>>> print(open('data.tsv').read())   # TSV, N, CA and C atoms
chain	number	residue	atom	x	y	z
G	82	MET	N	-4.96	-16.52	-14.15
G	82	MET	CA	-5.92	-15.60	-13.61
G	82	MET	C	-7.11	-16.38	-13.08
G	83	MET	N	-7.67	-15.87	-12.00
G	83	MET	CA	-8.79	-16.54	-11.39
G	83	MET	C	-10.08	-16.19	-12.11
G	84	LYS	N	-11.00	-17.13	-12.14
G	84	LYS	CA	-12.33	-16.84	-12.64
G	84	LYS	C	-13.06	-16.08	-11.56
G	85	LYS	N	-14.20	-15.52	-11.91
G	85	LYS	CA	-14.96	-14.69	-10.98
G	85	LYS	C	-15.23	-15.43	-9.69
G	86	SER	N	-15.69	-16.68	-9.77
G	86	SER	CA	-15.99	-17.43	-8.56
G	86	SER	C	-14.72	-17.75	-7.78
G	87	GLY	N	-13.62	-17.94	-8.48
G	87	GLY	CA	-12.34	-18.20	-7.82
G	87	GLY	C	-11.86	-17.00	-7.05
G	88	LEU	N	-12.01	-15.81	-7.62
G	88	LEU	CA	-11.62	-14.59	-6.94
G	88	LEU	C	-12.48	-14.37	-5.72
G	89	ALA	N	-13.79	-14.57	-5.87
G	89	ALA	CA	-14.69	-14.39	-4.74
G	89	ALA	C	-14.31	-15.34	-3.61
G	90	ALA	N	-13.99	-16.58	-3.96
G	90	ALA	CA	-13.59	-17.55	-2.94
G	90	ALA	C	-12.27	-17.14	-2.30
G	91	ALA	N	-11.33	-16.67	-3.11
G	91	ALA	CA	-10.03	-16.25	-2.58
G	91	ALA	C	-10.20	-15.07	-1.63
G	92	LEU	N	-11.05	-14.11	-2.01
G	92	LEU	CA	-11.27	-12.95	-1.14
G	92	LEU	C	-12.00	-13.36	0.13
G	93	ALA	N	-12.92	-14.32	0.03
G	93	ALA	CA	-13.63	-14.79	1.22
G	93	ALA	C	-12.67	-15.46	2.19
G	94	VAL	N	-11.78	-16.30	1.67
G	94	VAL	CA	-10.79	-16.95	2.52
G	94	VAL	C	-9.84	-15.91	3.10
G	95	ALA	N	-9.40	-15.00	2.25
G	95	ALA	CA	-8.48	-13.96	2.71
G	95	ALA	C	-9.14	-13.08	3.77
G	96	ALA	N	-10.44	-12.86	3.66
G	96	ALA	CA	-11.14	-12.03	4.64
G	96	ALA	C	-11.07	-12.63	6.03
G	97	SER	N	-11.04	-13.95	6.09
G	97	SER	CA	-10.96	-14.60	7.40
G	97	SER	C	-9.55	-14.55	7.96
G	98	VAL	N	-8.58	-14.24	7.11
G	98	VAL	CA	-7.19	-14.14	7.53
G	98	VAL	C	-6.70	-12.75	7.15
G	99	SER	N	-7.31	-11.75	7.71
G	99	SER	CA	-7.00	-10.37	7.36
G	99	SER	C	-5.60	-9.99	7.82
G	100	ILE	N	-4.78	-9.59	6.85
G	100	ILE	CA	-3.41	-9.16	7.11
G	100	ILE	C	-3.28	-7.75	6.57
G	101	PRO	N	-3.00	-6.78	7.42
G	101	PRO	CA	-2.87	-5.41	6.92
G	101	PRO	C	-1.77	-5.31	5.85
G	102	ALA	N	-2.05	-4.54	4.83
G	102	ALA	CA	-1.06	-4.32	3.77
G	102	ALA	C	0.16	-3.63	4.36
G	103	SER	N	1.32	-4.00	3.88
G	103	SER	CA	2.55	-3.37	4.36
G	103	SER	C	2.59	-1.92	3.92
G	104	ALA	N	3.44	-1.15	4.59
G	104	ALA	CA	3.59	0.27	4.25
G	104	ALA	C	4.05	0.43	2.80
G	105	SER	N	4.92	-0.43	2.32
G	105	SER	CA	5.40	-0.29	0.94
G	105	SER	C	4.29	-0.60	-0.05
G	106	VAL	N	3.42	-1.57	0.24
G	106	VAL	CA	2.30	-1.87	-0.64
G	106	VAL	C	1.34	-0.69	-0.66
G	107	LYS	N	1.02	-0.14	0.51
G	107	LYS	CA	0.14	1.03	0.58
G	107	LYS	C	0.73	2.19	-0.22
G	108	ASN	N	2.02	2.41	-0.06
G	108	ASN	CA	2.71	3.49	-0.77
G	108	ASN	C	2.59	3.27	-2.28
G	109	ASP	N	2.86	2.06	-2.74
G	109	ASP	CA	2.77	1.75	-4.17
G	109	ASP	C	1.36	1.94	-4.70
G	110	VAL	N	0.37	1.43	-3.98
G	110	VAL	CA	-1.02	1.52	-4.43
G	110	VAL	C	-1.46	2.98	-4.48
G	111	GLU	N	-1.12	3.74	-3.45
G	111	GLU	CA	-1.47	5.17	-3.45
G	111	GLU	C	-0.80	5.89	-4.61
G	112	TYR	N	0.44	5.50	-4.92
G	112	TYR	CA	1.15	6.07	-6.07
G	112	TYR	C	0.41	5.75	-7.37
G	113	LEU	N	0.01	4.49	-7.54
G	113	LEU	CA	-0.67	4.08	-8.76
G	113	LEU	C	-2.01	4.80	-8.92
G	114	ILE	N	-2.74	4.94	-7.84
G	114	ILE	CA	-4.02	5.64	-7.90
G	114	ILE	C	-3.78	7.12	-8.24
G	115	ALA	N	-2.75	7.70	-7.67
G	115	ALA	CA	-2.40	9.10	-7.98
G	115	ALA	C	-2.00	9.24	-9.45
G	116	GLN	N	-1.30	8.25	-9.99
G	116	GLN	CA	-0.93	8.28	-11.41
G	116	GLN	C	-2.18	8.26	-12.28
G	117	MET	N	-3.14	7.45	-11.92
G	117	MET	CA	-4.40	7.41	-12.67
G	117	MET	C	-5.10	8.76	-12.56
G	118	LYS	N	-5.13	9.30	-11.37
G	118	LYS	CA	-5.82	10.58	-11.14
G	118	LYS	C	-5.20	11.72	-11.94
G	119	SER	N	-3.89	11.71	-12.09
G	119	SER	CA	-3.21	12.81	-12.79
G	119	SER	C	-3.03	12.55	-14.28
G	120	SER	N	-3.49	11.41	-14.78
G	120	SER	CA	-3.32	11.09	-16.20
G	120	SER	C	-4.36	11.81	-17.05
G	121	ASP	N	-4.10	11.81	-18.34
G	121	ASP	CA	-5.07	12.34	-19.31
G	121	ASP	C	-5.79	11.19	-20.00
G	122	CYS	N	-5.87	10.07	-19.34
G	122	CYS	CA	-6.40	8.85	-19.95
G	122	CYS	C	-7.88	8.66	-19.64
G	123	THR	N	-8.50	7.82	-20.44
G	123	THR	CA	-9.89	7.41	-20.26
G	123	THR	C	-9.87	5.97	-19.76
G	124	PHE	N	-10.71	5.69	-18.79
G	124	PHE	CA	-10.81	4.38	-18.17
G	124	PHE	C	-12.09	3.73	-18.67
G	125	VAL	N	-11.99	2.54	-19.23
G	125	VAL	CA	-13.15	1.85	-19.76
G	125	VAL	C	-13.45	0.66	-18.85
G	126	ARG	N	-14.64	0.73	-18.24
G	126	ARG	CA	-15.05	-0.30	-17.28
G	126	ARG	C	-16.41	-0.83	-17.71
G	127	ASN	N	-16.45	-2.13	-18.02
G	127	ASN	CA	-17.69	-2.79	-18.44
G	127	ASN	C	-18.37	-2.06	-19.60
G	128	GLY	N	-17.56	-1.58	-20.54
G	128	GLY	CA	-18.08	-0.95	-21.74
G	128	GLY	C	-18.39	0.54	-21.62
G	129	SER	N	-18.27	1.10	-20.40
G	129	SER	CA	-18.54	2.53	-20.21
G	129	SER	C	-17.24	3.27	-19.97
G	130	GLU	N	-17.17	4.51	-20.45
G	130	GLU	CA	-15.97	5.31	-20.31
G	130	GLU	C	-16.06	6.22	-19.09
G	131	TYR	N	-14.94	6.37	-18.41
G	131	TYR	CA	-14.83	7.22	-17.22
G	131	TYR	C	-13.57	8.05	-17.34
G	132	ASP	N	-13.63	9.28	-16.82
G	132	ASP	CA	-12.43	10.10	-16.86
G	132	ASP	C	-11.45	9.67	-15.76
G	133	ASN	N	-10.30	10.30	-15.75
G	133	ASN	CA	-9.24	9.94	-14.82
G	133	ASN	C	-9.67	10.06	-13.36
G	134	LEU	N	-10.45	11.08	-13.03
G	134	LEU	CA	-10.88	11.27	-11.64
G	134	LEU	C	-11.86	10.18	-11.21
G	135	GLN	N	-12.78	9.83	-12.09
G	135	GLN	CA	-13.73	8.76	-11.79
G	135	GLN	C	-13.00	7.41	-11.68
G	136	ALA	N	-12.02	7.20	-12.55
G	136	ALA	CA	-11.25	5.96	-12.51
G	136	ALA	C	-10.47	5.86	-11.21
G	137	ALA	N	-9.81	6.94	-10.81
G	137	ALA	CA	-9.04	6.94	-9.57
G	137	ALA	C	-9.96	6.70	-8.37
G	138	GLU	N	-11.13	7.30	-8.38
G	138	GLU	CA	-12.08	7.10	-7.28
G	138	GLU	C	-12.53	5.64	-7.21
G	139	HIS	N	-12.79	5.04	-8.37
G	139	HIS	CA	-13.19	3.63	-8.42
G	139	HIS	C	-12.09	2.73	-7.86
G	140	LEU	N	-10.86	2.95	-8.30
G	140	LEU	CA	-9.74	2.15	-7.80
G	140	LEU	C	-9.54	2.37	-6.31
G	141	GLN	N	-9.71	3.60	-5.85
G	141	GLN	CA	-9.58	3.90	-4.43
G	141	GLN	C	-10.64	3.14	-3.62
G	142	ASN	N	-11.86	3.13	-4.10
G	142	ASN	CA	-12.93	2.42	-3.41
G	142	ASN	C	-12.66	0.92	-3.36
G	143	LYS	N	-12.19	0.36	-4.47
G	143	LYS	CA	-11.87	-1.08	-4.48
G	143	LYS	C	-10.70	-1.37	-3.55
G	144	TRP	N	-9.71	-0.48	-3.53
G	144	TRP	CA	-8.56	-0.64	-2.63
G	144	TRP	C	-9.02	-0.63	-1.18
G	145	GLU	N	-9.86	0.34	-0.82
G	145	GLU	CA	-10.32	0.43	0.56
G	145	GLU	C	-11.09	-0.83	0.97
G	146	TYR	N	-11.83	-1.40	0.06
G	146	TYR	CA	-12.58	-2.62	0.34
G	146	TYR	C	-11.65	-3.83	0.52
G	147	ALA	N	-10.62	-3.92	-0.30
G	147	ALA	CA	-9.76	-5.11	-0.33
G	147	ALA	C	-8.43	-4.96	0.40
G	148	GLU	N	-8.14	-3.77	0.91
G	148	GLU	CA	-6.82	-3.47	1.46
G	148	GLU	C	-6.30	-4.51	2.45
G	149	ASP	N	-7.13	-4.97	3.35
G	149	ASP	CA	-6.68	-5.92	4.37
G	149	ASP	C	-6.40	-7.31	3.81
G	150	ARG	N	-6.75	-7.54	2.57
G	150	ARG	CA	-6.53	-8.85	1.95
G	150	ARG	C	-5.45	-8.82	0.88
G	151	VAL	N	-4.91	-7.63	0.59
G	151	VAL	CA	-3.91	-7.48	-0.46
G	151	VAL	C	-2.52	-7.59	0.15
G	152	GLU	N	-1.77	-8.56	-0.32
G	152	GLU	CA	-0.45	-8.84	0.25
G	152	GLU	C	0.70	-8.22	-0.52
G	153	SER	N	0.44	-7.78	-1.76
G	153	SER	CA	1.51	-7.20	-2.57
G	153	SER	C	0.91	-6.23	-3.58
G	154	THR	N	1.76	-5.39	-4.12
G	154	THR	CA	1.30	-4.46	-5.15
G	154	THR	C	0.83	-5.22	-6.38
G	155	GLU	N	1.53	-6.29	-6.72
G	155	GLU	CA	1.15	-7.11	-7.86
G	155	GLU	C	-0.23	-7.71	-7.65
G	156	MET	N	-0.53	-8.14	-6.42
G	156	MET	CA	-1.84	-8.69	-6.10
G	156	MET	C	-2.92	-7.61	-6.28
G	157	PHE	N	-2.61	-6.37	-5.87
G	157	PHE	CA	-3.55	-5.27	-6.08
G	157	PHE	C	-3.84	-5.12	-7.57
G	158	ILE	N	-2.80	-5.09	-8.38
G	158	ILE	CA	-2.98	-4.90	-9.82
G	158	ILE	C	-3.76	-6.05	-10.42
G	159	GLU	N	-3.38	-7.29	-10.11
G	159	GLU	CA	-3.96	-8.46	-10.74
G	159	GLU	C	-5.36	-8.81	-10.24
G	160	GLU	N	-5.65	-8.57	-8.97
G	160	GLU	CA	-6.92	-9.02	-8.41
G	160	GLU	C	-7.89	-7.91	-8.05
G	161	VAL	N	-7.40	-6.68	-7.96
G	161	VAL	CA	-8.28	-5.57	-7.59
G	161	VAL	C	-8.47	-4.62	-8.76
G	162	ALA	N	-7.38	-4.19	-9.37
G	162	ALA	CA	-7.43	-3.11	-10.35
G	162	ALA	C	-7.49	-3.57	-11.81
G	163	PHE	N	-7.46	-4.86	-12.05
G	163	PHE	CA	-7.38	-5.37	-13.42
G	163	PHE	C	-8.74	-5.56	-14.07
G	164	LYS	N	-9.73	-5.98	-13.29
G	164	LYS	CA	-11.02	-6.31	-13.91
G	164	LYS	C	-12.16	-6.14	-12.92
G	165	SER	N	-13.35	-6.17	-13.48
G	165	SER	CA	-14.56	-6.08	-12.67
G	165	SER	C	-14.76	-7.35	-11.87
G	166	TRP	N	-15.07	-7.19	-10.60
G	166	TRP	CA	-15.38	-8.36	-9.78
G	166	TRP	C	-16.73	-8.94	-10.16
G	167	PHE	N	-17.59	-8.12	-10.74
G	167	PHE	CA	-18.94	-8.57	-11.07
G	167	PHE	C	-19.03	-9.25	-12.42
G	168	THR	N	-18.38	-8.69	-13.42
G	168	THR	CA	-18.48	-9.24	-14.78
G	168	THR	C	-17.26	-10.04	-15.20
G	169	GLY	N	-16.13	-9.80	-14.53
G	169	GLY	CA	-14.88	-10.45	-14.92
G	169	GLY	C	-14.21	-9.81	-16.12
G	170	ARG	N	-14.81	-8.74	-16.65
G	170	ARG	CA	-14.23	-8.06	-17.82
G	170	ARG	C	-13.06	-7.18	-17.40
G	171	ALA	N	-11.98	-7.27	-18.18
G	171	ALA	CA	-10.78	-6.48	-17.91
G	171	ALA	C	-11.07	-5.00	-18.13
G	172	TYR	N	-10.53	-4.17	-17.27
G	172	TYR	CA	-10.60	-2.73	-17.45
G	172	TYR	C	-9.59	-2.33	-18.52
G	173	GLN	N	-9.92	-1.30	-19.28
G	173	GLN	CA	-9.04	-0.79	-20.31
G	173	GLN	C	-8.67	0.65	-19.96
G	174	VAL	N	-7.47	1.06	-20.36
G	174	VAL	CA	-7.03	2.44	-20.21
G	174	VAL	C	-6.65	2.94	-21.60
G	175	ARG	N	-7.30	4.03	-22.00
G	175	ARG	CA	-7.03	4.60	-23.31
G	175	ARG	C	-6.37	5.96	-23.12
G	176	CYS	N	-5.15	6.06	-23.62
G	176	CYS	CA	-4.37	7.30	-23.55
G	176	CYS	C	-4.06	7.69	-24.98
G	177	GLY	N	-4.72	8.73	-25.47
G	177	GLY	CA	-4.55	9.10	-26.87
G	177	GLY	C	-5.07	8.00	-27.76
G	178	GLU	N	-4.24	7.53	-28.67
G	178	GLU	CA	-4.62	6.47	-29.60
G	178	GLU	C	-4.34	5.07	-29.06
G	179	GLU	N	-3.63	4.98	-27.93
G	179	GLU	CA	-3.23	3.68	-27.38
G	179	GLU	C	-4.21	3.20	-26.32
G	180	THR	N	-4.63	1.95	-26.45
G	180	THR	CA	-5.50	1.31	-25.46
G	180	THR	C	-4.80	0.06	-24.96
G	181	GLN	N	-4.80	-0.12	-23.65
G	181	GLN	CA	-4.22	-1.31	-23.05
G	181	GLN	C	-5.02	-1.66	-21.81
G	182	THR	N	-4.79	-2.84	-21.28
G	182	THR	CA	-5.50	-3.22	-20.06
G	182	THR	C	-4.98	-2.37	-18.90
G	183	SER	N	-5.81	-2.24	-17.89
G	183	SER	CA	-5.36	-1.50	-16.70
G	183	SER	C	-4.18	-2.22	-16.06
G	184	GLN	N	-4.13	-3.55	-16.18
G	184	GLN	CA	-3.00	-4.31	-15.65
G	184	GLN	C	-1.71	-3.86	-16.32
G	185	GLN	N	-1.71	-3.74	-17.64
G	185	GLN	CA	-0.52	-3.30	-18.36
G	185	GLN	C	-0.17	-1.87	-17.97
G	186	TRP	N	-1.17	-0.99	-17.95
G	186	TRP	CA	-0.93	0.42	-17.66
G	186	TRP	C	-0.37	0.60	-16.26
G	187	LEU	N	-0.99	-0.04	-15.27
G	187	LEU	CA	-0.53	0.10	-13.89
G	187	LEU	C	0.85	-0.53	-13.69
G	188	THR	N	1.10	-1.65	-14.34
G	188	THR	CA	2.41	-2.31	-14.22
G	188	THR	C	3.49	-1.41	-14.80
G	189	GLU	N	3.22	-0.74	-15.91
G	189	GLU	CA	4.19	0.19	-16.48
G	189	GLU	C	4.48	1.34	-15.52
G	190	ARG	N	3.44	1.87	-14.88
G	190	ARG	CA	3.64	2.95	-13.89
G	190	ARG	C	4.47	2.45	-12.71
G	191	LEU	N	4.23	1.23	-12.28
G	191	LEU	CA	4.98	0.66	-11.16
G	191	LEU	C	6.45	0.48	-11.53
G	192	VAL	N	6.72	0.01	-12.74
G	192	VAL	CA	8.11	-0.15	-13.21
G	192	VAL	C	8.81	1.21	-13.24
G	193	GLU	N	8.11	2.23	-13.74
G	193	GLU	CA	8.68	3.57	-13.76
G	193	GLU	C	9.01	4.05	-12.35
G	194	LYS	N	8.12	3.79	-11.41
G	194	LYS	CA	8.34	4.18	-10.01
G	194	LYS	C	9.57	3.47	-9.45
G	195	GLU	N	9.67	2.18	-9.69
G	195	GLU	CA	10.80	1.40	-9.16
G	195	GLU	C	12.12	1.86	-9.75
G	196	LYS	N	12.13	2.27	-11.00
G	196	LYS	CA	13.35	2.77	-11.64
G	196	LYS	C	13.78	4.09	-11.02
G	197	SER	N	12.81	4.91	-10.60
G	197	SER	CA	13.15	6.22	-10.03
G	197	SER	C	13.45	6.17	-8.53
G	198	ASP	N	13.09	5.08	-7.87
G	198	ASP	CA	13.35	4.94	-6.41
G	198	ASP	C	14.81	4.70	-6.13
>>> encode(input="data.tsv", output="structure tokens")
Amino acid sequence: MMKKSGLAAALAVAASVSIPASASVKNDVEYLIAQMKSSDCTFVRNGSEYDNLQAAEHLQNKWEYAEDRVESTEMFIEEVAFKSWFTGRAYQVRCGEETQTSQQWLTERLVEKEKSD
């Protein structure tokens, strides 16, 4: 995983080589954001709790900012939706009694999608 300065540098380099996300990546990311939006989970970002709608909006905003630099769904999960760009702290998703990183939660949703496709 990249450190905060490494991610910033990677995004800066990627910004100069803007490649539109493929249709399948867009489809996957939109699916993942919709899964967050329809979940009953709590999203923990930098120590503060957010409901599913706020979490989906946050991920949507980050996606819109980084979309032209995201080359794969995995890159979206690992570099956009996994942690804060400002603090480097991993986002957490709490569903009932279970808490996991957003990376784990989103990856599980992606695996479920791929199994059903």
>>> atom_distance(input="data.tsv", atom1="CA of Thr154 (chain G)", atom2="CA of Glu178 (chain G)")
27.4 Å
>>> residues_around(input="data.tsv", residues="Ser120 (chain G)", least_positions_apart="2", cutoff="8 Å", atoms="all atoms listed in the file", output="list in words")
Ile114, Ala115, Gln116, Met117, Lys118, Cys122, Thr123, Asp132, Asn133, Leu134 and Cys176 of chain G
>>> atom_distance(input="data.tsv", atom1="CA of Arg126 (chain G)", atom2="CA of Ser103 (chain G)")
28.1 Å
>>> residues_around(input="data.tsv", residues="region 138-142 of chain G", least_positions_apart="2", cutoff="12 Å", atoms="only C-alpha atoms", output="MDAnalysis selection string")
chainID G and resid 107 110:119 124:126 131:136 144:148 157:158 160:165 172 183 187
>>> atom_distance(input="data.tsv", atom1="atom N of Glu155 (chain G)", atom2="atom C of Gly169 (chain G)")
18.7 Å
>>> closest_residue(input="data.tsv", among="G:Trp166, G:Thr180, G:Ser153, G:Arg175", to="Ser105 (chain G)", atoms="all atoms listed in the file")
G:Ser153
>>> select_by_dssp(input="data.tsv", residues="chain G", states="strand (DSSP E or B)", output="NGL selection string")
:G and (123-126 or 129-131 or 164 or 171 or 173-176 or 179-182)
>>> closest_residue(input="data.tsv", among="G:Glu193, G:Asp149, G:Glu159, G:Asp121", to="Ala171 (chain G)", atoms="only C-alpha atoms")
G:Glu159
>>> select_by_dssp(input="data.tsv", residues="region 89-167 of chain G", states="alpha helix (DSSP H)", output="ChimeraX atom specification")
/G:89-97,104-119,133-147,154-156
